[in-house]
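Single-structure report; data block below.
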Number of protein chains: 2
Amino acid sequence: MKTLVVCSGGLDSVSLAHRIAALGDLMGLISFDYGQRHRVELEYAAACATRLGVFHQIIDMRAIGSQLTGSALTDNLDVPDGHYAEETMRITVVPNRNAIMLTVAFGVAAARQAEAVAIAVHGGDHFIYPDCRPDFIDSFDTMQRHALDGYASVRLLAPYVNGSKADIVSDGAKHDTPFVETWSCYKGGTKHCGRCGTCVERREAFHLAGVDDPTDYADPDFWKSATAGFNAEEIR
Amino acid sequence: MKTLVVCSGGLDSVSLAHRIAALGDLMGLISFDYGQRHRVELEYAAACATRLGVFHQIIDMRAIGSQLTGSALTDNLDVPDGHYAEETMRITVVPNRNAIMLTVAFGVAAARQAEAVAIAVHGGDHFIYPDCRPDFIDSFDTMQRHALDGYASVRLLAPYVNGSKADIVSDGAKHDTPFVETWSCYKGGTKHCGRCGTCVERREAFHLAGVDDPTDYADPDFWKSATAGFNAEEIR
């Protein structure tokens, strides 16, 4: 099934691209430039496409991103430190981001005659992000069947939707994903800060998966104190 | 219910804006610039917002539009003459256009704390456009409920989805819509050509509604021959 992978350049979506490539289904990668602070991740997505020998299409969403206010990812607000699951992380939500990116990806898929779009949402995102939950994935797939009826048949794949980020690390390792060639940090520095929600979540996922984390963090130990207040099973 | 109307500047969406304004629910208009050939319609949307005393937000989708190939609306293909219902009009379909525009509109609605997004799809579009059909509208509304769960509650309104374009003309007349201040022609000239699918459909709708058509067409009589081969009831 010829598949387009929505790839941010992060650990999850690069692992997904390697998984789909191992199945022989990878057609190309699609990334979104919505004016995010952590734009360096787009270079990691490009490197992934080169490595896997497929096209990389970057969609310029900056004009749209600037209209979607109230998010620390695009506005001049400080990105909070700490674990993703904390209430303060709600500030990083871009309203309707996944739905917007996926409808565009489905438009590209229809134009390129792809048969599927794959996205790397996972269970660890459910707590904060409604557009990462199984109900969203299922209803989106249904909506798209109606939207493209008679023109194209494109399915939405979300193989990690019921898994944890640790499961993604395990799956990525299985498919020889070069994790050091992925980017997670939201702060946009030259190395992973080790303190923002996504750095903490990343470091913890390697720990839970029992896989060596090759990432060079500015603060490599902060994650332990940030996650100490949570029951790791509960937040997975 | 504070409502954003997706307004192209065409007859349908300007009539819808006047309808929602008459209900006291109009919050603003949102238009999309996706590099369409008939960009003059955006000026009619702006004029509608000014007339009704609400904001007008234009979303620049040109970077995305250029990626959605295969459509005569944005490519350098000729727009065919004739009735919409003809097979040749399929060339005017932008893949996934309504789904893309609506997800962006819902993002804006969530950011602005609107309670509804309204779109002027109608029964005459069902034959060619799957993303104008009731199944699409219903499944889109369901998808958005999941996508924004816990953050915003925005409903999708499509009051004309089971009506004809003639019904829209009747409804627009009831709410004093200045039809001459709306644009339909796909060809991008200085006056309505009277020959393209949307001009023919527009002229026919006034005829069926029994409302005077104030439009100045370059070819005012072409519609009669274009619609002669169709059973008007069947195609409504």
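Ligands are numbered from 1 in the order shown, chains are lettered A, B, ... in the order of the structure tokens, and residues start at 1 in each chain.
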Can you check which residues of chain B have any atom within 9 Å of chain A? Use only C-alpha atoms and format it as a ChimeraX atom specification. /B:59-61,63-64,67-70,94-104,106-108,110-112,129-133,135-152
Would you please give, as a PyMOL selection string, all residues of segment 7-224 of chain B that DSSP assigns to strand (DSSP E or B) based on the backbone? chain B and resi 26-33+55-60+81+116-118+155-157+192+196+217
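Atom CA of Cys199 of chain A is positioned 29.0 Å from atom CA of Leu23 of chain A.
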Show which residues sit within 10 Å of Trp183 of chain B, as a list in words. Count only C-alpha atoms, and ignore same-chain residues fewer than 4 positions away. Ser8, Gly9, Gly10, Leu11, Asp12, Val14, His38, Arg39, Val40, Glu41, Leu42, Glu43, Tyr44, Ala45, Phe179, Gly188, Lys191, His192, Thr198, Cys199, Arg202 and Thr215 of chain B
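Distance-wise, atom CA of Arg203 of chain B and atom CA of Trp223 of chain B end up 6.8 Å apart.
Distance-wise, atom CA of Gly35 of chain B and atom CA of Tyr186 of chain B end up 12.3 Å apart.
In this comparison, which uses only C-alpha atoms, the residue of B:Asp213, B:Asp219, B:Glu201, B:Glu181 approaching Ala49 of chain B most closely is B:Glu181.
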Write out as a VMD selection string all residues of segment 95-184 of chain A that backbone DSSP assigns to helix (DSSP H, G or I). chain A and resid 97 to 112 123 to 125 130 to 132 134 to 147 165 to 174 179 to 181
Just-selected residues, N, CA and C atoms written as a tab-separated table (two decimals), in the first residue's frame:
chain	number	residue	atom	x	y	z
A	97	ARG	N	-4.42	21.35	14.96
A	97	ARG	CA	-3.23	21.14	14.14
A	97	ARG	C	-3.23	19.81	13.39
A	98	ASN	N	-3.50	18.71	14.08
A	98	ASN	CA	-3.44	17.42	13.38
A	98	ASN	C	-4.50	17.31	12.30
A	99	ALA	N	-5.69	17.82	12.57
A	99	ALA	CA	-6.75	17.75	11.57
A	99	ALA	C	-6.36	18.55	10.33
A	100	ILE	N	-5.78	19.72	10.52
A	100	ILE	CA	-5.36	20.55	9.39
A	100	ILE	C	-4.25	19.84	8.60
A	101	MET	N	-3.22	19.39	9.30
A	101	MET	CA	-2.12	18.73	8.61
A	101	MET	C	-2.60	17.49	7.86
A	102	LEU	N	-3.50	16.74	8.48
A	102	LEU	CA	-3.95	15.51	7.83
A	102	LEU	C	-4.83	15.77	6.61
A	103	THR	N	-5.67	16.80	6.65
A	103	THR	CA	-6.48	17.06	5.45
A	103	THR	C	-5.57	17.49	4.29
A	104	VAL	N	-4.55	18.27	4.59
A	104	VAL	CA	-3.60	18.66	3.54
A	104	VAL	C	-2.86	17.42	3.03
A	105	ALA	N	-2.43	16.58	3.96
A	105	ALA	CA	-1.72	15.36	3.57
A	105	ALA	C	-2.61	14.48	2.68
A	106	PHE	N	-3.89	14.42	3.00
A	106	PHE	CA	-4.81	13.63	2.17
A	106	PHE	C	-5.00	14.27	0.79
A	107	GLY	N	-4.97	15.58	0.72
A	107	GLY	CA	-5.03	16.25	-0.59
A	107	GLY	C	-3.81	15.91	-1.43
A	108	VAL	N	-2.65	15.95	-0.81
A	108	VAL	CA	-1.41	15.58	-1.50
A	108	VAL	C	-1.45	14.11	-1.90
A	109	ALA	N	-1.93	13.26	-0.99
A	109	ALA	CA	-2.02	11.82	-1.27
A	109	ALA	C	-2.94	11.57	-2.47
A	110	ALA	N	-4.07	12.28	-2.50
A	110	ALA	CA	-5.00	12.11	-3.62
A	110	ALA	C	-4.34	12.55	-4.93
A	111	ALA	N	-3.63	13.68	-4.87
A	111	ALA	CA	-2.97	14.19	-6.08
A	111	ALA	C	-1.86	13.25	-6.55
A	112	ARG	N	-1.18	12.61	-5.63
A	112	ARG	CA	-0.06	11.73	-5.98
A	112	ARG	C	-0.48	10.26	-6.10
A	123	GLY	N	-0.20	6.75	22.41
A	123	GLY	CA	-0.99	6.81	23.63
A	123	GLY	C	-0.54	7.88	24.62
A	124	GLY	N	0.75	8.18	24.63
A	124	GLY	CA	1.26	9.19	25.56
A	124	GLY	C	0.74	10.58	25.26
A	125	ASP	N	0.23	10.76	24.04
A	125	ASP	CA	-0.31	12.07	23.66
A	125	ASP	C	-1.79	12.23	24.01
A	130	PRO	N	-6.52	15.86	22.15
A	130	PRO	CA	-7.66	15.07	21.67
A	130	PRO	C	-7.45	14.56	20.25
A	131	ASP	N	-6.67	15.32	19.45
A	131	ASP	CA	-6.50	14.92	18.05
A	131	ASP	C	-5.39	13.89	17.88
A	132	CYS	N	-5.05	13.20	18.96
A	132	CYS	CA	-4.14	12.05	18.89
A	132	CYS	C	-4.84	10.78	19.36
A	134	PRO	N	-7.70	7.56	19.58
A	134	PRO	CA	-8.30	6.63	18.62
A	134	PRO	C	-9.61	7.13	18.02
A	135	ASP	N	-10.46	7.77	18.82
A	135	ASP	CA	-11.73	8.28	18.30
A	135	ASP	C	-11.51	9.30	17.20
A	136	PHE	N	-10.50	10.13	17.39
A	136	PHE	CA	-10.19	11.11	16.35
A	136	PHE	C	-9.70	10.41	15.09
A	137	ILE	N	-8.77	9.48	15.25
A	137	ILE	CA	-8.20	8.77	14.10
A	137	ILE	C	-9.32	8.06	13.31
A	138	ASP	N	-10.19	7.36	14.03
A	138	ASP	CA	-11.27	6.62	13.36
A	138	ASP	C	-12.24	7.56	12.64
A	139	SER	N	-12.62	8.64	13.32
A	139	SER	CA	-13.60	9.54	12.70
A	139	SER	C	-12.97	10.33	11.56
A	140	PHE	N	-11.68	10.58	11.65
A	140	PHE	CA	-11.01	11.26	10.53
A	140	PHE	C	-10.99	10.37	9.29
A	141	ASP	N	-10.66	9.10	9.50
A	141	ASP	CA	-10.64	8.15	8.39
A	141	ASP	C	-12.01	8.06	7.72
A	142	THR	N	-13.05	8.02	8.54
A	142	THR	CA	-14.43	7.98	8.01
A	142	THR	C	-14.73	9.25	7.22
A	143	MET	N	-14.39	10.40	7.78
A	143	MET	CA	-14.64	11.67	7.09
A	143	MET	C	-13.95	11.67	5.73
A	144	GLN	N	-12.70	11.22	5.70
A	144	GLN	CA	-11.97	11.24	4.43
A	144	GLN	C	-12.55	10.28	3.39
A	145	ARG	N	-13.08	9.16	3.85
A	145	ARG	CA	-13.72	8.26	2.88
A	145	ARG	C	-14.87	8.98	2.18
A	146	HIS	N	-15.63	9.76	2.94
A	146	HIS	CA	-16.73	10.53	2.32
A	146	HIS	C	-16.19	11.67	1.46
A	147	ALA	N	-15.15	12.34	1.94
A	147	ALA	CA	-14.65	13.54	1.24
A	147	ALA	C	-14.08	13.21	-0.14
A	165	LYS	N	5.15	5.88	23.91
A	165	LYS	CA	6.35	6.35	23.22
A	165	LYS	C	7.49	5.34	23.41
A	166	ALA	N	7.48	4.64	24.54
A	166	ALA	CA	8.49	3.59	24.76
A	166	ALA	C	8.31	2.48	23.71
A	167	ASP	N	7.07	2.16	23.37
A	167	ASP	CA	6.82	1.15	22.34
A	167	ASP	C	7.40	1.62	20.99
A	168	ILE	N	7.32	2.91	20.74
A	168	ILE	CA	7.86	3.46	19.49
A	168	ILE	C	9.38	3.31	19.47
A	169	VAL	N	10.01	3.59	20.61
A	169	VAL	CA	11.47	3.42	20.69
A	169	VAL	C	11.82	1.96	20.39
A	170	SER	N	11.08	1.02	20.96
A	170	SER	CA	11.34	-0.40	20.71
A	170	SER	C	11.16	-0.73	19.23
A	171	ASP	N	10.06	-0.22	18.64
A	171	ASP	CA	9.78	-0.48	17.22
A	171	ASP	C	10.83	0.17	16.33
A	172	GLY	N	11.22	1.39	16.69
A	172	GLY	CA	12.24	2.09	15.91
A	172	GLY	C	13.57	1.35	15.94
A	173	ALA	N	13.93	0.86	17.13
A	173	ALA	CA	15.19	0.11	17.26
A	173	ALA	C	15.14	-1.15	16.38
A	174	LYS	N	13.98	-1.79	16.36
A	174	LYS	CA	13.80	-3.02	15.57
A	174	LYS	C	14.05	-2.75	14.08
A	179	PHE	N	18.33	6.98	15.90
A	179	PHE	CA	17.64	7.94	16.77
A	179	PHE	C	18.38	9.26	16.91
A	180	VAL	N	19.71	9.20	16.75
A	180	VAL	CA	20.47	10.44	16.89
A	180	VAL	C	20.15	11.40	15.75
A	181	GLU	N	19.57	10.86	14.69
A	181	GLU	CA	19.14	11.68	13.55
A	181	GLU	C	17.66	12.06	13.65
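Proximity to Ala116 of chain A was assessed for A:Gly28, A:Gly210, A:Pro220, A:Gly194 counting only C-alpha atoms; the smallest distance is recorded for A:Gly28.
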Selection: 8 Å around Ala120 of chain B, only C-alpha atoms, excl. self and same-chain fewer than 4 positions, as a list in words: Val6, Asp12, Ser13, Leu16, Ala158, Pro159, Tyr160 and Val161 of chain B
Write to file, as a compact mmCIF listing (two decimals), in the first residue's frame, the residues of the selection just made, with C-alpha atoms.
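To be explicit, this is the file written out as again.txt:
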# COMPACT_ATOMS: atom_id res chain seq x y z
CA VAL B 6 -16.80 30.38 5.09
CA ASP B 12 -24.17 30.83 -2.14
CA SER B 13 -21.86 31.90 0.66
CA LEU B 16 -25.52 32.33 3.74
CA ALA B 158 -24.67 23.56 6.40
CA PRO B 159 -28.26 24.79 6.14
CA TYR B 160 -28.37 24.44 2.35
CA VAL B 161 -26.90 20.92 2.15
